[in-house]
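Note sheet for the following structure.
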Amino acid sequence: MAAASRPDTEDQDERDEPPARHAGVRDLIAAYPWLPIPVGLLLSAFGVWCFAGLAEQVYQGGPVLRVDEHLLRVSLGLRSGLLVGALSVLTWLGDVLVVLPVSLAIGVLIGVTRKRWGPLVLLAASSAGTGLAVYLFKIMIARPRPQVVDALVVEDGFGFPSGHSAHAAALYLMLGAFGLRLLRSRWARGAVFAGAVLAVVITGFSRVVLGVHSPTDVLAGWALGASWTVLLLSLWLSGEHLPRLIDALVARKRPR
């Protein structure tokens, strides 16, 4: 009788076991904490390659300029009063007068609440490096603002790359990365990162619709800001994980 009831007990134990969970990205990073570093460096190099290709096309008057003109004319059909009014406000998301105070404020907030001052240094380096790079490339490429359409807001200086787009990509992608690292809730992490990407896209879109930048200006700004931010994050992670990796390698070489 006891032998007959044993299979029933085993079946019940199998039913009580929790279903197997597949490993996710966070599990992979936990097992190999150094993995984001080479991935980040490769992404940063890819962004630089994209920026260089766009800069060459613009500087040499390549065929991408005809695509710019076509897309600018298409954007004229999107200029409704409501959209233009909204984008005239949202475009300030990439203005240095907004980006710099927001960077410093969030960096200080994280430092005070989390006792981590690395994010403040990263945000400051991201804003300063992006601003310097945009200034230098504008002078070197010296591309005028779009002449195919009338600008709806007043902007001075050259057009390539878009400073608003570069600053938005550098700041909001950095904040999205901090959200993925510091927040515990999966929904909160997803919402913060999605909001960061949306802010970057809206900023670049507004520059084209308002007629102050060509699409390639915006794409180059995104590539420049994103590649610089990813590079800084990769170097930051390497500074965190490299000492532990060296200690682990040394421990393996010690005689037991």
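Following the order of the structure tokens, first chain is A, next is B, and so on, with residues numbered from 1 inside each chain and ligands from 1 in the order they appear.
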
*Quick one: residues within 10 Å of Phe158 in chain A, only C-alpha atoms counted, chain neighbours fewer than 2 positions away excluded, as an MDAnalysis selection string?*
chainID A and resid 135 137:146 155:156 160:163 212:213

_Among range 83-230 of chain A, which ones does DSSP assign to alpha helix (DSSP H) (computed from the backbone)? Answer as a PyMOL selection string._
chain A and resi 83-90+96-114+118-141+163-182+186-209+215-230

*Tell me which protein, DNA and RNA residues are within 12 Å of Leu87 in chain A, counting only C-alpha atoms, leaving out same-chain ones fewer than 6 positions away, and put them as a list in words.*
Leu78, Arg79, Ser80, Gly81, Leu93, Gly94, Leu152, Val153, Ala199, Val201, Ile202, Thr203, Gly204, Phe205, Ser206, Arg207, Val208, Val209, Leu210 and Gly211 of chain A

Deliver the residues from the most recent selection as a file, using N, CA, C and O atoms, as a CSV table (one decimal), in the first residue's frame.
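The resulting file, result-v1.csv, is shown below:
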```
chain,number,residue,atom,x,y,z
A,78,LEU,N,3.3,68.9,-41.9
A,78,LEU,CA,3.0,68.6,-40.5
A,78,LEU,C,2.8,69.9,-39.7
A,78,LEU,O,2.5,69.8,-38.5
A,79,ARG,N,3.0,71.0,-40.3
A,79,ARG,CA,3.0,72.3,-39.5
A,79,ARG,C,1.5,72.8,-39.2
A,79,ARG,O,1.1,73.8,-39.7
A,80,SER,N,0.9,72.0,-38.4
A,80,SER,CA,-0.4,72.5,-37.9
A,80,SER,C,-0.2,73.4,-36.7
A,80,SER,O,0.9,73.4,-36.1
A,81,GLY,N,-1.1,74.3,-36.4
A,81,GLY,CA,-0.9,75.3,-35.3
A,81,GLY,C,-0.7,74.6,-34.0
A,81,GLY,O,0.2,75.0,-33.2
A,93,LEU,N,13.7,71.0,-24.5
A,93,LEU,CA,14.2,69.8,-23.8
A,93,LEU,C,15.7,69.6,-24.1
A,93,LEU,O,16.5,69.0,-23.3
A,94,GLY,N,16.1,70.1,-25.3
A,94,GLY,CA,17.5,69.9,-25.7
A,94,GLY,C,18.4,71.2,-25.6
A,94,GLY,O,19.5,71.2,-26.0
A,152,LEU,N,10.6,78.6,-38.1
A,152,LEU,CA,9.6,79.1,-37.3
A,152,LEU,C,10.1,79.7,-36.0
A,152,LEU,O,9.3,80.3,-35.3
A,153,VAL,N,11.3,79.4,-35.7
A,153,VAL,CA,12.0,80.0,-34.5
A,153,VAL,C,13.3,80.6,-34.9
A,153,VAL,O,13.9,80.2,-36.0
A,199,ALA,N,12.0,61.6,-25.1
A,199,ALA,CA,12.4,62.9,-25.0
A,199,ALA,C,13.5,63.2,-26.1
A,199,ALA,O,13.5,64.3,-26.7
A,201,VAL,N,13.7,61.6,-29.1
A,201,VAL,CA,13.1,61.6,-30.4
A,201,VAL,C,12.3,62.9,-30.6
A,201,VAL,O,12.3,63.5,-31.7
A,202,ILE,N,11.5,63.3,-29.6
A,202,ILE,CA,10.7,64.5,-29.7
A,202,ILE,C,11.6,65.8,-30.0
A,202,ILE,O,11.3,66.6,-30.8
A,203,THR,N,12.7,65.8,-29.3
A,203,THR,CA,13.6,67.0,-29.4
A,203,THR,C,14.1,67.0,-30.9
A,203,THR,O,14.1,68.1,-31.5
A,204,GLY,N,14.6,65.9,-31.4
A,204,GLY,CA,15.1,65.9,-32.8
A,204,GLY,C,14.0,66.2,-33.8
A,204,GLY,O,14.2,67.0,-34.7
A,205,PHE,N,12.8,65.6,-33.6
A,205,PHE,CA,11.7,65.8,-34.5
A,205,PHE,C,11.3,67.3,-34.5
A,205,PHE,O,11.0,67.9,-35.6
A,206,SER,N,11.3,67.9,-33.3
A,206,SER,CA,10.9,69.4,-33.3
A,206,SER,C,11.9,70.2,-34.1
A,206,SER,O,11.5,71.2,-34.7
A,207,ARG,N,13.2,69.9,-34.1
A,207,ARG,CA,14.1,70.7,-34.8
A,207,ARG,C,13.9,70.7,-36.3
A,207,ARG,O,14.1,71.7,-37.0
A,208,VAL,N,13.4,69.6,-36.8
A,208,VAL,CA,13.1,69.5,-38.3
A,208,VAL,C,11.8,70.2,-38.6
A,208,VAL,O,11.8,71.0,-39.6
A,209,VAL,N,10.8,69.9,-37.8
A,209,VAL,CA,9.5,70.6,-38.1
A,209,VAL,C,9.5,72.1,-38.0
A,209,VAL,O,8.9,72.8,-38.8
A,210,LEU,N,10.3,72.6,-37.0
A,210,LEU,CA,10.4,74.0,-36.8
A,210,LEU,C,11.3,74.6,-37.9
A,210,LEU,O,11.5,75.9,-37.9
A,211,GLY,N,12.0,73.8,-38.7
A,211,GLY,CA,12.8,74.3,-39.8
A,211,GLY,C,14.1,74.9,-39.5
A,211,GLY,O,14.7,75.6,-40.3
```

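By only C-alpha atoms, and with residues fewer than 3 positions from Leu231 in chain A along its chain excluded, the set lying at most 8 Å from it is Gly40, Leu41, Ser44, Ser227, Trp228, Ser234 and Leu235 of chain A.
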
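Nearest-residue note for Pro215 in chain A: choosing from A:Val108, A:Leu171, A:Val39, A:Val67, the minimum distance belongs to A:Val67, counting only C-alpha atoms.
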
*Which residues come within 10 Å of Ser103 in chain A, counting only C-alpha atoms, excluding same-chain residues fewer than 4 positions away, as a list in words?*
Val98, Val99, Gly107, Val108, Leu109, Pro119, Leu120, Val121, Leu122, Leu123, Ala124, Ala125, Ser126, Ser127, Leu171, Tyr172, Met174 and Leu175 of chain A
